Amino acid sequence: MNRPLSVQVNVFDNCGGIVIGLCISHKLADGSSIMAFINDWATVARGISSNDHCRQIKGPTFELQSLFAGKDLPGSTPPTLLVTDEVLVAKSLVFGASKIAELKAKGIIREESSDAVEQCQPTRIEALSALIWRCFIDIDQAKNKGSAAVSDYEAAHAVNMRTRMVPSLPTNSFGNMYTMSRAICVVMNDECTATRDLDLVGKIKDSFKKINSDYVRELQSSDTGLSAMETDGENRLRGQTVKLNFSSWCRFPIYEADFGWGKPTWVGACTAPLKNLVWLKDTSSGDGIEATVIFGKNEMAEYERHEELLAYIS
């Protein structure tokens, strides 16, 4: 039986620690919805008064259905997930604030406008994603050297659309309100240039820029999103694109959920049989980023000894 929500509480008598595990169906909620639910639940658990309840708990709103009405699309093919029977390995990599600052400084790009050319520093997510993607491409190129003259690599990020609408939707808008940005890098004949790292940063930044209010309006009025997912699934099945998926929970209030015992010491996610997945979240201190990466066993062995990656891990 599929349950929409499951909760398990573990109490460790030897140390007095408590771990709360939660599993919610992705058919119901995305990361933003989950965090809104958890923090409201924690507020209730602290035993606040009714007056405080009105002030602190917003509760979920359900306007997404009216904004994105369901459509009958006969003959459409659901997108294929990257589920695999291959032996997968998950690792958590921590990048401290100073290392992320180095990556941001290294990834400065030039942006041209109608008036002038300006230097633009990437965000933490853009800079770190470019590093992880670059190392991923290096390893795949080394593994398949000489097998193909041209390889297409895609970095896909789950993007929360609530803040990209006009007007913006509140954080307690419950449901799945995200889309995927897509950055593409074409590598020819094992070509590697000294500026490729800057190119990857720019490609990721440009893919984020495309997810704007105009894009959201198009999703509301057409089948663009579904068509893109179907094409993406077909390309993966034909082996035309090597894809790396990112999901970022940075800036989500994951360390604010106080059930009455204080704020959590650590928050993590369970592993899933999804290959080439990167989950990013803030460290408990708030100034670093912890990346949970899931790769095949052989790829992970190469990833763990990639010299450039090791130089930035704290």
# chains A, B, ... in the order shown; residues from 1 in each chain; ligands from 1
$ residues_around --residues "Thr61 in chain A" --least-positions-apart "5" --cutoff "8 Å" --atoms "only C-alpha atoms" --output "JSON, numbers by chain"
{"A": [172, 173, 174]}
$ write_last_selection --atoms "all heavy atoms" --output "PDB file, in the first residue's frame"
ATOM      1  N   ASN A 172       4.388  28.775   1.442  1.00  0.00           N
ATOM      2  CA  ASN A 172       3.468  27.736   1.916  1.00  0.00           C
ATOM      3  C   ASN A 172       2.487  27.286   0.833  1.00  0.00           C
ATOM      4  O   ASN A 172       1.491  26.615   1.130  1.00  0.00           O
ATOM      5  CB  ASN A 172       2.701  28.224   3.148  1.00  0.00           C
ATOM      6  CG  ASN A 172       1.893  29.477   2.888  1.00  0.00           C
ATOM      7  OD1 ASN A 172       2.311  30.344   2.128  1.00  0.00           O
ATOM      8  ND2 ASN A 172       0.729  29.589   3.518  1.00  0.00           N
ATOM      9  N   SER A 173       2.734  27.662  -0.433  1.00  0.00           N
ATOM     10  CA  SER A 173       1.938  27.133  -1.544  1.00  0.00           C
ATOM     11  C   SER A 173       2.263  25.659  -1.698  1.00  0.00           C
ATOM     12  O   SER A 173       3.374  25.296  -2.094  1.00  0.00           O
ATOM     13  CB  SER A 173       2.252  27.883  -2.841  1.00  0.00           C
ATOM     14  OG  SER A 173       1.914  29.235  -2.737  1.00  0.00           O
ATOM     15  N   PHE A 174       1.323  24.808  -1.388  1.00  0.00           N
ATOM     16  CA  PHE A 174       1.593  23.366  -1.278  1.00  0.00           C
ATOM     17  C   PHE A 174       1.411  22.669  -2.621  1.00  0.00           C
ATOM     18  O   PHE A 174       0.463  22.925  -3.353  1.00  0.00           O
ATOM     19  CB  PHE A 174       0.656  22.742  -0.244  1.00  0.00           C
ATOM     20  CG  PHE A 174       1.140  21.425   0.289  1.00  0.00           C
ATOM     21  CD1 PHE A 174       1.988  21.373   1.373  1.00  0.00           C
ATOM     22  CD2 PHE A 174       0.753  20.236  -0.315  1.00  0.00           C
ATOM     23  CE1 PHE A 174       2.444  20.157   1.869  1.00  0.00           C
ATOM     24  CE2 PHE A 174       1.195  19.015   0.173  1.00  0.00           C
ATOM     25  CZ  PHE A 174       2.041  18.979   1.262  1.00  0.00           C
TER      26      PHE A 174
END
$ closest_residue --among "A:Phe208, A:Tyr178, A:Phe12, A:Phe252" --to "Ala36 in chain A" --atoms "only C-alpha atoms"
A:Phe252
$ atom_distance --atom1 "CA of Tyr312 in chain A" --atom2 "CA of Lys104 in chain A"
11.9 Å
$ atom_distance --atom1 "CA of Gly31 in chain A" --atom2 "CA of Gly107 in chain A"
27.7 Å
$ closest_residue --among "A:Lys203, A:Lys99, A:Lys263, A:Lys106" --to "Val19 in chain A" --atoms "only C-alpha atoms"
A:Lys263
$ residues_around --residues "Asp287 in chain A" --least-positions-apart "2" --cutoff "12 Å" --atoms "only C-alpha atoms" --output "ChimeraX atom specification"
/A:94-101,124,250-251,281-285,289-290
$ atom_distance --atom1 "CA of Glu308 in chain A" --atom2 "CA of Asn245 in chain A"
20.3 Å
$ residues_around --residues "Phe295 in chain A" --least-positions-apart "4" --cutoff "7 Å" --atoms "only C-alpha atoms" --output "tab-separated table (two decimals) with N, CA, C and O atoms, in the first residue's frame"
chain	number	residue	atom	x	y	z
A	88	LEU	N	25.16	1.28	-6.84
A	88	LEU	CA	25.36	2.71	-6.68
A	88	LEU	C	25.98	3.00	-5.32
A	88	LEU	O	25.81	2.26	-4.36
A	89	VAL	N	26.70	4.11	-5.25
A	89	VAL	CA	27.35	4.54	-4.01
A	89	VAL	C	26.99	6.00	-3.77
A	89	VAL	O	27.02	6.82	-4.69
A	90	ALA	N	26.61	6.32	-2.53
A	90	ALA	CA	26.30	7.70	-2.14
A	90	ALA	C	27.38	8.21	-1.19
A	90	ALA	O	27.79	7.50	-0.28
A	275	LYS	N	20.69	7.13	-10.40
A	275	LYS	CA	22.09	7.35	-10.77
A	275	LYS	C	22.33	8.79	-11.21
A	275	LYS	O	21.44	9.43	-11.77
A	276	ASN	N	23.54	9.29	-10.93
A	276	ASN	CA	23.97	10.63	-11.35
A	276	ASN	C	23.08	11.72	-10.75
A	276	ASN	O	22.50	12.54	-11.45
A	299	GLU	N	32.41	4.84	-11.08
A	299	GLU	CA	32.53	6.29	-11.24
A	299	GLU	C	32.85	6.95	-9.90
A	299	GLU	O	33.64	7.90	-9.84
A	300	MET	N	32.23	6.45	-8.83
A	300	MET	CA	32.48	7.05	-7.52
A	300	MET	C	33.94	6.85	-7.10
A	300	MET	O	34.54	7.76	-6.49
$ select_by_dssp --residues "range 112-164 of chain A" --states "helix (DSSP H, G or I)" --output "number ranges by chain"
A: 124-143, 162-164
